[in-house]
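What follows is a set of notes on a single structure, which appears directly below.
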Amino acid sequence: MPFRGWTEEALEFFAGLEVDNSKTYWHTHKDVYETAVRAPMEALIDELTPRFGEGKIFRPYRDIRFSADKSPYKTNIAATLGAGYVQLSADGLGVGSGMWHMAPDQLDRYRGAVDDDRSGSALEGIVATARKAGLTVNGHEQLKTAPKGYPKDHPRIELLRSKGLITWKEWDPAAWLGTPKAKDRIVEFLKHSEPLNAWLQANVGPSRLPERRR
């Protein structure tokens with residue numbers, strides 16, 4: 001089945017789940033989830049995988065083992081797509097790309113590359129271009145001051161303080177979300193994000209630490 005977008009039924013499903021996050025609601029409306037929510041995401045991933053890399057849909061169940069909130073279900077559907085991320089909820093569509101969390105060795109390489117005049121200046125230009133295209137560029141967490149070993153007046157202090165770096169864009173619900181135009185917007189975002197991902201892969205790369213130390 002080709003991707004045709006997410007209909008109003010998908011948004012209504014999540015709006016209802018936010019109000020009644022229960023097994024009863026889930027099982028009563030599971031057919032809506034499968035046909036109006038998950039099936040379009042599967043179709044989207046199938047169509048975009050050849051261009052942007054393998055995709056994976058996250059499980060709809062929350063990990064409540066260490067959470068005070070015992071609500072069993074996530075109120076969105078989310079998937080990875082290569083270096084990208086796609087999320088749908090009652091609030092609309094969100095897309096992201098980059099490195100949300102950097103392991104300690106990745107963070108060391110990132111800061112060294114930001115500090116370097118050549119690679120750091122290149123990153124500044126990439127970030128400026130992405131923001132000009134309407135993307136948000138930031139880290140999930142930022143230090144309040146410069147990291148140890150770097151001056152507080154560093155010319156790229158904003159980038160140095162980030163503990164991850166991603167592009168992000170979101171849209172409120174609208175008629176186009178229920179059409180193939182939704183894929184066009186996701187593709188446009190992912191294309192604008194490619195320069196940042198290329199920089200991160202070239203200068204940071206994957207973590208080489210054992211899993212327990214990341």
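Residue numbering restarts at 1 in every chain; chains get A, B, ... in the order shown in the structure tokens, and ligands count up from 1 in that same order.
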field: DSSP-assigned alpha helix (DSSP H) among segment 20-210 of chain A, expressed as a PyMOL selection string
entry: chain A and resi 23-28+30-32+39-52+104-115+117-132+157-161+181-203
task: Would you return as a ChimeraX atom specification the members of segment 20-143 of chain A that DSSP assigns to strand (DSSP E) on this structure's backbone?
output: /A:55-57,76-81,84-89,92-99,136-138
message: Would you pick out the contacts of Leu11 of chain A at 8 Å or less, using only C-alpha atoms, so that residues sharing its chain but fewer than 6 positions from it are not included, and give the list as number ranges by chain?
response: A: 89-92
query: Skipping near chain neighbours, those fewer than 6 positions away, what residues fall within 9 Å of Asp46 of chain A using only C-alpha atoms, listed as a PyMOL selection string?
result: chain A and resi 2-3+54-55
Would you output that residue set with N, CA, C and O atoms, as an mmCIF file, in the first residue's frame?
```cif
data_model
loop_
_atom_site.group_PDB
_atom_site.id
_atom_site.type_symbol
_atom_site.label_atom_id
_atom_site.label_comp_id
_atom_site.auth_asym_id
_atom_site.auth_seq_id
_atom_site.Cartn_x
_atom_site.Cartn_y
_atom_site.Cartn_z
ATOM 1 N N PRO A 2 0.667 2.159 -0.932
ATOM 2 C CA PRO A 2 1.470 3.392 -0.954
ATOM 3 C C PRO A 2 1.113 4.308 0.205
ATOM 4 O O PRO A 2 -0.002 4.259 0.742
ATOM 5 N N PHE A 3 2.061 5.156 0.576
ATOM 6 C CA PHE A 3 1.822 6.104 1.663
ATOM 7 C C PHE A 3 0.875 7.200 1.184
ATOM 8 O O PHE A 3 1.126 7.874 0.186
ATOM 9 N N GLU A 54 17.682 2.300 6.637
ATOM 10 C CA GLU A 54 16.735 1.402 7.273
ATOM 11 C C GLU A 54 15.908 2.115 8.338
ATOM 12 O O GLU A 54 16.388 3.010 9.032
ATOM 13 N N GLY A 55 14.647 1.692 8.448
ATOM 14 C CA GLY A 55 13.754 2.288 9.431
ATOM 15 C C GLY A 55 13.259 1.264 10.443
ATOM 16 O O GLY A 55 13.277 0.058 10.195
#
```
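Ranking A:Leu123, A:Ile77, A:Val187, A:Met99 by their shortest atom-to-atom distance to Thr167 of chain A, with only C-alpha atoms included, puts A:Met99 first.
Of the residues under consideration (A:Gln142, A:Thr35, A:Thr136, A:Ser71), A:Thr136 shows the shortest atom-to-atom contact distance to Gly96 of chain A when counting only C-alpha atoms.
Using only C-alpha atoms, the nearest neighbour of Ala128 of chain A within the list A:Lys169, A:His192, A:Arg51, A:Arg161 is A:His192.
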Selected residue, from A:Arg4, A:Val204, A:Asp31, A:Gly164, that lies nearest to Gly112 of chain A when counting only C-alpha atoms: A:Val204
- prompt: What's the 12 Å shell around Met102 of chain A, counting only C-alpha atoms, without same-chain residues fewer than 6 positions away, as a ChimeraX atom specification?
  reply: /A:108-111,139-141,162-166,200,204-209,213-214
Go ahead and dump the residues you just picked, N, CA and C atoms, as a compact mmCIF listing (two decimals), in the first residue's frame.
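Final output, saved to out30.txt:
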```txt
# COMPACT_ATOMS: atom_id res chain seq x y z
N ASP A 108 33.70 13.91 23.35
CA ASP A 108 35.08 14.40 23.27
C ASP A 108 35.46 14.73 21.83
N ARG A 109 35.11 13.85 20.91
CA ARG A 109 35.43 14.10 19.50
C ARG A 109 34.65 15.28 18.95
N TYR A 110 33.39 15.38 19.37
CA TYR A 110 32.54 16.49 18.92
C TYR A 110 33.14 17.83 19.36
N ARG A 111 33.49 17.93 20.61
CA ARG A 111 34.03 19.19 21.12
C ARG A 111 35.36 19.54 20.46
N GLY A 139 20.75 21.07 20.90
CA GLY A 139 21.07 19.83 21.59
C GLY A 139 19.99 19.53 22.61
N HIS A 140 19.84 18.26 22.98
CA HIS A 140 18.80 17.92 23.96
C HIS A 140 19.16 18.44 25.34
N GLU A 141 20.44 18.70 25.54
CA GLU A 141 20.91 19.18 26.84
C GLU A 141 22.10 20.08 26.60
N SER A 162 26.58 22.20 23.86
CA SER A 162 25.60 21.15 23.53
C SER A 162 26.16 19.77 23.81
N LYS A 163 25.30 18.89 24.34
CA LYS A 163 25.71 17.50 24.60
C LYS A 163 25.11 16.54 23.58
N GLY A 164 24.60 17.11 22.51
CA GLY A 164 24.05 16.39 21.37
C GLY A 164 23.73 17.46 20.34
N LEU A 165 23.46 17.06 19.11
CA LEU A 165 23.14 18.07 18.10
C LEU A 165 22.18 17.46 17.09
N ILE A 166 21.02 18.11 16.96
CA ILE A 166 20.00 17.59 16.04
C ILE A 166 19.33 18.74 15.29
N LEU A 200 28.60 15.18 11.30
CA LEU A 200 28.65 14.36 12.51
C LEU A 200 29.30 13.01 12.25
N VAL A 204 32.49 12.86 14.34
CA VAL A 204 32.13 12.23 15.62
C VAL A 204 32.05 10.71 15.48
N GLY A 205 31.18 10.25 14.59
CA GLY A 205 31.04 8.82 14.35
C GLY A 205 30.40 8.08 15.50
N PRO A 206 30.29 6.76 15.40
CA PRO A 206 29.66 5.96 16.46
C PRO A 206 30.55 5.84 17.69
N SER A 207 29.94 5.53 18.82
CA SER A 207 30.71 5.33 20.04
C SER A 207 31.51 4.04 19.95
N ARG A 208 32.70 4.06 20.53
CA ARG A 208 33.54 2.86 20.58
C ARG A 208 33.61 2.30 21.99
N LEU A 209 32.81 2.85 22.88
CA LEU A 209 32.81 2.37 24.25
C LEU A 209 31.91 1.16 24.42
N ARG A 213 29.18 1.66 29.40
CA ARG A 213 29.87 2.90 29.71
C ARG A 213 29.32 4.08 28.91
N ARG A 214 28.31 3.85 28.07
CA ARG A 214 27.79 4.94 27.23
C ARG A 214 26.78 5.80 28.00
```
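Restricting the calculation to only C-alpha atoms, the smallest distance between Leu177 of chain A and any of A:Thr129, A:Asn197, A:Thr7, A:Ser67 is found for A:Thr7.
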message: With only C-alpha atoms as the counted atoms, please give the residues lying no more than 12 Å from segment 25-27 of chain A, apart from itself and same-chain residues fewer than 3 positions off, as a count of residues only.
response: 22
- request: Report the distance between atom CA of Gly134 of chain A and atom CA of Lys181 of chain A in Å, rounded to one decimal place.
  value: 17.6 Å
message: Please compute the atom CA of Leu107 of chain A-atom CA of Pro151 of chain A distance, one decimal, in Å.
response: 16.8 Å
field: Ile186 of chain A surroundings by only C-alpha atoms, 9 Å radius, close-in-sequence under 3 positions cut, as an MDAnalysis selection string
entry: chainID A and resid 86 94:95 181:183 189:191
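The two atoms in question, atom CA of Pro147 of chain A and atom CA of Leu160 of chain A, are spaced 7.1 Å apart.
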- request: Rank A:Ala68, A:Arg212, A:Gly82, A:Asp115 by their smallest atom-to-atom distance to Leu159 of chain A, using only C-alpha atoms, and report the top residue only.
  value: A:Asp115
